[in-house]
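S.K.: You'll find entry-v1.cif just under this line, and it carries mmCIF, C-alpha atoms.
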```cif
data_upload
loop_
_atom_site.label_atom_id
_atom_site.label_comp_id
_atom_site.auth_asym_id
_atom_site.auth_seq_id
_atom_site.Cartn_x
_atom_site.Cartn_y
_atom_site.Cartn_z
CA MET H 779 55.93 -100.30 90.01
CA SER H 780 52.80 -99.55 92.07
CA LEU H 781 49.38 -99.30 90.40
CA LYS H 782 49.30 -95.61 91.30
CA ASN H 783 52.61 -94.99 89.52
CA VAL H 784 51.53 -97.02 86.47
CA ARG H 785 48.35 -94.95 86.18
CA LEU H 786 50.33 -91.74 86.51
CA GLU H 787 52.73 -92.92 83.79
CA VAL H 788 49.80 -93.74 81.48
CA MET H 789 48.19 -90.35 82.12
CA GLN H 790 51.48 -88.63 81.30
CA PHE H 791 51.84 -90.73 78.14
CA LEU H 792 48.32 -89.82 76.95
CA GLU H 793 48.66 -86.14 77.88
CA LYS H 794 50.35 -85.32 74.57
CA ASP H 795 47.01 -85.87 72.82
CA VAL H 796 44.81 -83.80 75.13
CA ASP H 797 44.98 -80.59 73.07
CA ALA H 798 43.80 -82.52 70.02
CA LEU H 799 40.99 -84.07 72.08
CA ILE H 800 39.92 -80.63 73.30
CA GLU H 801 39.77 -79.47 69.69
CA LYS H 802 37.83 -82.61 68.71
CA TYR H 803 35.24 -82.63 71.48
CA LEU H 804 34.89 -79.10 72.87
CA ILE H 805 33.63 -76.01 71.05
CA PRO H 806 35.45 -72.63 71.12
CA ILE H 807 33.77 -70.05 73.34
CA GLU H 808 33.14 -67.68 70.43
CA LYS H 809 31.22 -70.38 68.54
CA ILE H 810 29.25 -72.23 71.21
CA TRP H 811 25.73 -71.32 72.35
CA GLN H 812 25.21 -69.21 75.46
CA PRO H 813 22.24 -69.18 77.88
CA THR H 814 20.97 -65.83 76.62
CA ASP H 815 20.38 -67.43 73.19
CA PHE H 816 17.39 -69.24 74.73
CA LEU H 817 16.08 -66.61 77.13
CA PRO H 818 14.24 -63.28 76.79
CA ASP H 819 16.54 -60.38 75.91
CA SER H 820 16.57 -58.18 79.03
CA GLU H 821 17.73 -55.24 76.90
CA GLY H 822 15.00 -55.75 74.31
CA ASN H 823 11.65 -53.98 74.06
CA ASN H 824 9.75 -57.30 74.10
CA PHE H 825 11.31 -58.64 77.31
CA PHE H 826 8.14 -58.61 79.42
CA GLU H 827 6.02 -60.11 76.63
CA GLU H 828 8.56 -62.93 76.23
CA VAL H 829 8.58 -63.58 79.98
CA LYS H 830 4.78 -63.66 79.96
CA GLU H 831 4.88 -66.28 77.19
CA ILE H 832 7.28 -68.44 79.24
CA ARG H 833 4.95 -68.23 82.24
CA GLU H 834 1.87 -69.10 80.17
CA LEU H 835 3.53 -72.12 78.56
CA ALA H 836 4.85 -73.23 81.97
CA LYS H 837 1.26 -73.69 83.18
CA GLU H 838 0.88 -76.61 80.76
CA LEU H 839 3.64 -78.68 82.37
CA PRO H 840 2.73 -81.06 85.24
CA TYR H 841 4.16 -81.32 88.76
CA ASP H 842 6.45 -84.32 88.15
CA PHE H 843 7.97 -82.57 85.14
CA TRP H 844 8.97 -79.59 87.29
CA VAL H 845 10.46 -81.85 89.96
CA VAL H 846 12.69 -83.51 87.37
CA LEU H 847 13.66 -80.24 85.69
CA VAL H 848 14.57 -78.73 89.07
CA GLY H 849 16.57 -81.83 90.05
CA ASP H 850 18.45 -81.75 86.74
CA MET H 851 19.22 -78.06 87.22
CA ILE H 852 20.47 -78.53 90.78
CA THR H 853 22.67 -81.41 89.62
CA GLU H 854 24.18 -79.15 86.95
CA GLU H 855 24.63 -76.28 89.42
CA ALA H 856 26.76 -78.47 91.71
CA LEU H 857 29.56 -78.15 89.15
CA PRO H 858 32.10 -76.72 91.65
CA THR H 859 32.10 -80.12 93.39
CA TYR H 860 32.74 -82.00 90.15
CA GLU H 861 35.54 -79.71 89.02
CA SER H 862 37.35 -79.80 92.37
CA TRP H 863 37.06 -83.61 92.41
CA LEU H 864 38.48 -84.06 88.91
CA MET H 865 41.26 -81.56 89.57
CA ASP H 866 42.48 -83.88 92.33
CA VAL H 867 42.69 -86.98 90.12
CA GLU H 868 46.15 -88.52 89.68
CA GLY H 869 47.82 -87.07 86.59
CA VAL H 870 45.74 -83.87 86.53
CA GLY H 871 48.21 -81.08 87.28
CA GLN H 872 46.26 -78.35 89.00
CA VAL H 873 49.33 -76.39 90.09
CA GLU H 874 51.52 -76.89 87.02
CA ARG H 875 48.45 -76.62 84.73
CA ASN H 876 49.17 -79.56 82.45
CA GLY H 877 47.07 -80.83 79.55
CA TRP H 878 44.66 -82.76 81.75
CA SER H 879 43.90 -79.77 83.98
CA LYS H 880 43.31 -77.77 80.80
CA TRP H 881 40.72 -80.35 79.77
CA VAL H 882 38.97 -80.18 83.15
CA ARG H 883 38.80 -76.37 83.06
CA HIS H 884 37.50 -76.27 79.48
CA TRP H 885 34.99 -79.06 80.16
CA THR H 886 33.80 -77.24 83.30
CA ALA H 887 33.35 -74.01 81.32
CA GLU H 888 31.06 -75.79 78.87
CA GLU H 889 29.09 -77.57 81.58
CA ASN H 890 28.63 -74.33 83.54
CA ARG H 891 26.23 -73.01 80.90
CA HIS H 892 23.74 -75.83 81.55
CA GLY H 893 22.89 -74.91 85.12
CA ASP H 894 22.99 -71.24 84.18
CA VAL H 895 20.33 -71.45 81.46
CA LEU H 896 18.05 -73.83 83.42
CA ASN H 897 18.32 -71.69 86.55
CA LYS H 898 17.25 -68.54 84.69
CA TYR H 899 14.42 -70.36 82.95
CA LEU H 900 13.07 -71.73 86.23
CA TYR H 901 13.25 -68.27 87.79
CA LEU H 902 11.24 -66.76 84.94
CA SER H 903 8.69 -69.60 84.78
CA GLY H 904 6.91 -68.66 88.01
CA ARG H 905 6.26 -72.33 88.72
CA VAL H 906 8.87 -73.09 91.39
CA ASN H 907 10.11 -71.88 94.77
CA MET H 908 13.52 -70.50 93.83
CA ARG H 909 14.64 -69.88 97.40
CA GLU H 910 14.12 -73.53 98.32
CA ILE H 911 15.92 -74.58 95.15
CA GLU H 912 18.82 -72.27 95.96
CA LYS H 913 19.12 -73.73 99.45
CA THR H 914 19.14 -77.28 98.06
CA THR H 915 21.86 -76.29 95.60
CA GLN H 916 23.96 -74.79 98.37
CA TYR H 917 23.49 -77.90 100.49
CA LEU H 918 24.56 -80.14 97.60
CA ILE H 919 27.75 -78.17 97.00
CA SER H 920 28.62 -77.86 100.69
CA ASP H 921 27.91 -81.55 101.39
CA GLY H 922 30.07 -82.63 98.46
CA PHE H 923 30.01 -86.22 97.24
CA ASP H 924 31.94 -89.46 97.16
CA ILE H 925 31.52 -91.35 93.89
CA GLY H 926 33.81 -94.19 94.91
CA THR H 927 36.57 -93.42 92.44
CA ASP H 928 39.22 -92.11 94.85
CA ARG H 929 41.91 -90.25 92.84
CA ASP H 930 42.15 -93.05 90.26
CA PRO H 931 41.89 -91.65 86.69
CA TYR H 932 40.77 -95.02 85.28
CA LYS H 933 37.79 -95.22 87.66
CA ASN H 934 36.98 -91.54 87.20
CA PHE H 935 36.89 -91.86 83.42
CA VAL H 936 34.56 -94.87 83.68
CA TYR H 937 32.34 -92.78 85.92
CA THR H 938 32.27 -89.74 83.63
CA SER H 939 31.71 -91.90 80.53
CA PHE H 940 28.67 -93.43 82.23
CA GLN H 941 27.36 -90.26 83.84
CA GLU H 942 27.59 -88.04 80.76
CA LEU H 943 25.49 -90.56 78.83
CA ALA H 944 22.98 -90.66 81.69
CA THR H 945 22.62 -86.87 81.64
CA TYR H 946 22.24 -86.96 77.85
CA ILE H 947 19.31 -89.34 78.27
CA SER H 948 17.71 -87.27 81.02
CA HIS H 949 17.92 -83.90 79.25
CA ASN H 950 16.84 -85.43 75.94
CA ARG H 951 13.75 -87.02 77.51
CA VAL H 952 12.83 -83.76 79.26
CA ALA H 953 13.14 -82.04 75.88
CA LYS H 954 10.67 -84.51 74.37
CA LEU H 955 8.19 -84.07 77.22
CA ALA H 956 8.36 -80.28 76.84
CA LYS H 957 7.84 -80.56 73.08
CA ASP H 958 4.83 -82.84 73.55
CA ARG H 959 3.28 -80.14 75.77
CA GLY H 960 3.88 -77.47 73.14
CA ASN H 961 6.86 -75.80 74.84
CA LYS H 962 9.24 -75.64 71.87
CA GLN H 963 11.71 -73.18 73.40
CA LEU H 964 12.27 -75.22 76.55
CA SER H 965 12.48 -78.35 74.43
CA LYS H 966 15.17 -76.81 72.23
CA MET H 967 17.09 -75.65 75.32
CA CYS H 968 17.13 -79.11 76.90
CA ARG H 969 17.93 -80.78 73.59
CA ILE H 970 21.01 -78.64 73.00
CA ILE H 971 22.16 -79.34 76.58
CA SER H 972 21.80 -83.05 75.85
CA GLY H 973 23.95 -82.56 72.74
CA ASP H 974 26.74 -81.15 74.89
CA GLU H 975 26.45 -84.13 77.23
CA MET H 976 26.77 -86.58 74.33
CA ARG H 977 29.93 -84.85 73.10
CA HIS H 978 31.38 -85.07 76.58
CA HIS H 979 30.38 -88.73 76.86
CA ASN H 980 32.21 -89.46 73.62
CA ALA H 981 35.29 -87.66 74.90
CA TYR H 982 35.52 -89.53 78.20
CA SER H 983 34.76 -92.80 76.40
CA GLU H 984 37.71 -92.15 74.10
CA PHE H 985 39.92 -91.51 77.14
CA VAL H 986 38.99 -95.01 78.35
CA GLU H 987 39.60 -96.51 74.91
CA ARG H 988 43.09 -95.03 74.87
CA ILE H 989 43.83 -96.44 78.32
CA PHE H 990 42.58 -99.89 77.27
CA ALA H 991 45.11 -99.74 74.40
CA VAL H 992 48.10 -99.32 76.75
CA ASP H 993 46.99 -100.85 80.08
CA PRO H 994 44.13 -103.26 79.29
CA SER H 995 44.17 -105.39 82.44
CA GLN H 996 44.08 -102.53 84.94
CA MET H 997 41.53 -100.61 82.87
CA MET H 998 39.34 -103.74 82.90
CA MET H 999 39.75 -104.04 86.67
CA ALA H 1000 38.74 -100.39 87.11
CA PHE H 1001 35.63 -100.89 84.94
CA HIS H 1002 34.76 -104.01 86.93
CA TYR H 1003 35.23 -102.19 90.23
CA MET H 1004 32.96 -99.30 89.25
CA MET H 1005 30.16 -101.52 87.97
CA LYS H 1006 30.33 -103.93 90.90
CA GLN H 1007 29.92 -101.09 93.39
CA LYS H 1008 27.37 -99.40 91.04
CA ILE H 1009 27.57 -95.90 89.60
CA THR H 1010 26.52 -93.34 92.20
CA MET H 1011 24.60 -90.42 90.77
CA PRO H 1012 26.30 -87.04 91.34
CA ALA H 1013 23.30 -85.67 93.29
CA HIS H 1014 23.01 -88.66 95.65
CA PHE H 1015 23.40 -86.31 98.66
CA LEU H 1016 20.46 -84.20 97.49
CA ARG H 1017 18.42 -82.70 100.35
CA GLU H 1018 15.91 -79.97 100.98
CA SER H 1019 16.09 -77.23 103.59
CA GLY H 1020 15.64 -78.43 107.15
CA ASP H 1021 16.33 -82.06 106.21
CA LYS H 1022 19.23 -84.38 106.66
CA ILE H 1023 20.63 -86.28 103.69
CA SER H 1024 17.93 -88.90 103.35
CA THR H 1025 14.97 -89.34 101.04
CA ALA H 1026 15.17 -86.40 98.62
CA PHE H 1027 17.34 -88.11 96.00
CA GLU H 1028 15.36 -91.34 96.21
CA GLU H 1029 12.11 -89.43 95.67
CA PHE H 1030 13.64 -87.41 92.83
CA SER H 1031 14.82 -90.66 91.25
CA ASN H 1032 11.35 -92.19 91.67
CA THR H 1033 9.81 -89.19 89.93
CA ALA H 1034 12.29 -89.42 87.04
CA GLN H 1035 11.47 -93.12 86.64
CA ARG H 1036 7.72 -92.54 86.92
CA ILE H 1037 7.67 -90.14 83.96
CA GLY H 1038 10.30 -92.09 82.01
CA VAL H 1039 13.08 -89.50 82.09
CA TYR H 1040 15.72 -91.82 83.55
CA THR H 1041 15.00 -95.41 84.60
CA SER H 1042 16.73 -98.52 85.92
CA VAL H 1043 16.46 -99.95 82.39
CA ASP H 1044 18.41 -96.93 81.10
CA TYR H 1045 21.16 -97.73 83.63
CA VAL H 1046 21.49 -101.25 82.24
CA GLU H 1047 21.40 -100.05 78.63
CA ILE H 1048 24.19 -97.55 79.31
CA LEU H 1049 26.32 -100.41 80.65
CA GLU H 1050 25.57 -102.41 77.50
CA LYS H 1051 26.57 -99.46 75.33
CA LEU H 1052 29.89 -99.05 77.16
CA ILE H 1053 30.66 -102.78 76.86
CA LYS H 1054 29.97 -102.57 73.13
CA ARG H 1055 31.82 -99.30 72.56
CA TRP H 1056 34.95 -100.43 74.36
CA GLU H 1057 34.72 -103.86 72.67
CA ILE H 1058 35.18 -105.53 76.03
CA GLU H 1059 34.76 -109.03 74.61
CA LYS H 1060 37.56 -108.51 72.05
CA ILE H 1061 40.28 -107.12 74.32
CA THR H 1062 43.37 -109.33 74.46
CA GLY H 1063 46.44 -109.62 76.67
CA LEU H 1064 44.52 -109.67 79.94
CA THR H 1065 45.73 -111.14 83.22
CA ASP H 1066 43.74 -114.01 84.74
CA GLU H 1067 42.17 -111.58 87.20
CA ALA H 1068 41.19 -109.20 84.40
CA GLU H 1069 39.72 -112.10 82.40
CA LYS H 1070 37.44 -112.90 85.34
CA ALA H 1071 36.51 -109.22 85.57
CA ARG H 1072 35.64 -109.21 81.86
CA ASP H 1073 33.43 -112.30 82.30
CA TYR H 1074 31.61 -110.58 85.16
CA LEU H 1075 31.03 -107.43 83.09
CA VAL H 1076 29.75 -109.29 80.04
CA LYS H 1077 27.18 -111.21 82.12
CA LEU H 1078 26.17 -108.26 84.28
CA PRO H 1079 23.62 -106.52 81.97
CA ALA H 1080 21.39 -109.60 81.75
CA ARG H 1081 21.44 -110.02 85.53
CA MET H 1082 20.67 -106.35 86.09
CA MET H 1083 17.88 -106.30 83.50
CA ARG H 1084 16.06 -109.09 85.35
CA LEU H 1085 16.19 -106.95 88.49
CA ALA H 1086 15.10 -103.81 86.62
CA ASP H 1087 12.08 -105.61 85.17
CA ARG H 1088 10.89 -106.47 88.69
CA MET H 1089 11.20 -102.94 90.06
CA ARG H 1090 8.02 -101.14 91.03
CA ILE H 1091 7.97 -97.36 91.28
CA PRO H 1092 5.64 -95.64 93.77
CA GLU H 1093 2.74 -93.92 92.01
CA ASN H 1094 2.30 -91.08 94.48
CA SER H 1095 4.29 -87.88 94.15
CA TYR H 1096 6.47 -86.85 97.07
CA GLN H 1097 5.79 -83.20 97.94
CA PHE H 1098 8.99 -81.29 97.29
CA LYS H 1099 9.41 -77.81 98.68
CA TRP H 1100 10.77 -76.79 95.26
CA VAL H 1101 7.33 -77.01 93.64
CA GLU H 1102 4.59 -75.89 95.99
CA PRO H 1103 0.90 -76.80 95.58
CA ALA H 1104 0.08 -73.07 95.36
CA LYS H 1105 2.25 -72.89 92.24
CA LEU H 1106 0.28 -75.57 90.40
#
```
Would you put the structure from the file into structure tokens?
M.R.:
Amino acid sequence: MSLKNVRLEVMQFLEKDVDALIEKYLIPIEKIWQPTDFLPDSEGNNFFEEVKEIRELAKELPYDFWVVLVGDMITEEALPTYESWLMDVEGVGQVERNGWSKWVRHWTAEENRHGDVLNKYLYLSGRVNMREIEKTTQYLISDGFDIGTDRDPYKNFVYTSFQELATYISHNRVAKLAKDRGNKQLSKMCRIISGDEMRHHNAYSEFVERIFAVDPSQMMMAFHYMMKQKITMPAHFLRESGDKISTAFEEFSNTAQRIGVYTSVDYVEILEKLIKRWEIEKITGLTDEAEKARDYLVKLPARMMRLADRMRIPENSYQFKWVEPAKL
């Protein structure tokens, strides 16, 4: 049987548990928070006073903070790309609407709220150029992405396990920075977003755990493949208006590292957490090839940490069109 057919068979075998996993990891629409819970009530009498408070508090936050918040928001707003990609994964029945496609739709519905609330907050803050941000978002969706997973569910679940934890870290750190500057409402907003991301990380990590239980060697090979080629961030095609895909993501990443929101050390620590969570060193019944892949994975964090320790981040801030000097 081909690897593709084996993966499809495993996905079909695990599908019986998807409804229970949805119930375990996702929150019913009537119970979960909505963006308006964190924003001024446009029907209320105090709307303009609340907007004024947002704008006053926004003045206390520095340039690099806004760059990172905008980049996080744009990444969240590119959700159509992520959903369409996952809907094309082997075993996800988009036409017949099986359990896996149900998961993707429900997960997308939860994630959609993140970009929505951040977008509205940025618009009200008066600190950013919304038209430039909107053009960047449109570029990111129209350019799409290639995260190196093909249609392989094993590789895609490694990717989402890693990436959801990365977004948890980023939103949680932004929340702390906002709190330190006295912006409690923005801090609470970003913190609750990070909570969603952690739930989603736990879900995708459990998907991988379940695959390891039934197809350990090929799951190990998929993990090895993804870490050897490195996890590509979802916004790696980020660009501003008038530019080709080039430096924007690198400069955004530099800014995030400079203020400690997401760093190369975090990347290594996420890998360590996944190795520990999936108990990579304890998995038995591996082929010789998978054993070599396991050895590579176990040694990889130490190698990567040595590289991370030597990295130097530029001190100067790249001038993004999203946050203009006149807005400072």
S.K.: Which of these residues is nearest to Lys830 (chain H), using only C-alpha atoms: H:Ser903, H:Tyr860, H:Gly871, H:Trp844?
M.R.: H:Ser903
S.K.: Calculate how many Å separate CA of Asn907 (chain H) from CA of Ser920 (chain H), rounding to one decimal.
M.R.: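 Separation of CA of Asn907 (chain H) and CA of Ser920 (chain H): 20.3 Å.
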S.K.: Here's the selection I'm unsure about, the PyMOL selection byres ((chain H and resi 887) around 12); applied to the file above, which residues does it give, as a VMD selection string?
M.R.: chain H and resid 804 to 807 810 812 854 857 to 858 860 to 861 880 to 886 888 to 894 974
S.K.: Output the selection as a CSV table (one decimal), in the frame of the given file - C-alpha atoms for each residue.
M.R.:
```csv
chain,number,residue,atom,x,y,z
H,804,LEU,CA,34.9,-79.1,72.9
H,805,ILE,CA,33.6,-76.0,71.0
H,806,PRO,CA,35.4,-72.6,71.1
H,807,ILE,CA,33.8,-70.0,73.3
H,810,ILE,CA,29.2,-72.2,71.2
H,812,GLN,CA,25.2,-69.2,75.5
H,854,GLU,CA,24.2,-79.2,87.0
H,857,LEU,CA,29.6,-78.2,89.2
H,858,PRO,CA,32.1,-76.7,91.6
H,860,TYR,CA,32.7,-82.0,90.2
H,861,GLU,CA,35.5,-79.7,89.0
H,880,LYS,CA,43.3,-77.8,80.8
H,881,TRP,CA,40.7,-80.4,79.8
H,882,VAL,CA,39.0,-80.2,83.2
H,883,ARG,CA,38.8,-76.4,83.1
H,884,HIS,CA,37.5,-76.3,79.5
H,885,TRP,CA,35.0,-79.1,80.2
H,886,THR,CA,33.8,-77.2,83.3
H,888,GLU,CA,31.1,-75.8,78.9
H,889,GLU,CA,29.1,-77.6,81.6
H,890,ASN,CA,28.6,-74.3,83.5
H,891,ARG,CA,26.2,-73.0,80.9
H,892,HIS,CA,23.7,-75.8,81.6
H,893,GLY,CA,22.9,-74.9,85.1
H,894,ASP,CA,23.0,-71.2,84.2
H,974,ASP,CA,26.7,-81.2,74.9
```
S.K.: Which one is closest to Tyr841 (chain H): H:Ser1031, H:Lys794, H:Ile1037, H:Trp863? Count all atoms listed in the file.
M.R.: H:Ile1037
S.K.: Env of Glu793 (chain H): 7 Å cut, atoms = only C-alpha atoms, seq-sep filter 4 positions within chain, self excluded. Answer as a PyMOL selection string.
M.R.: chain H and resi 789+877-878
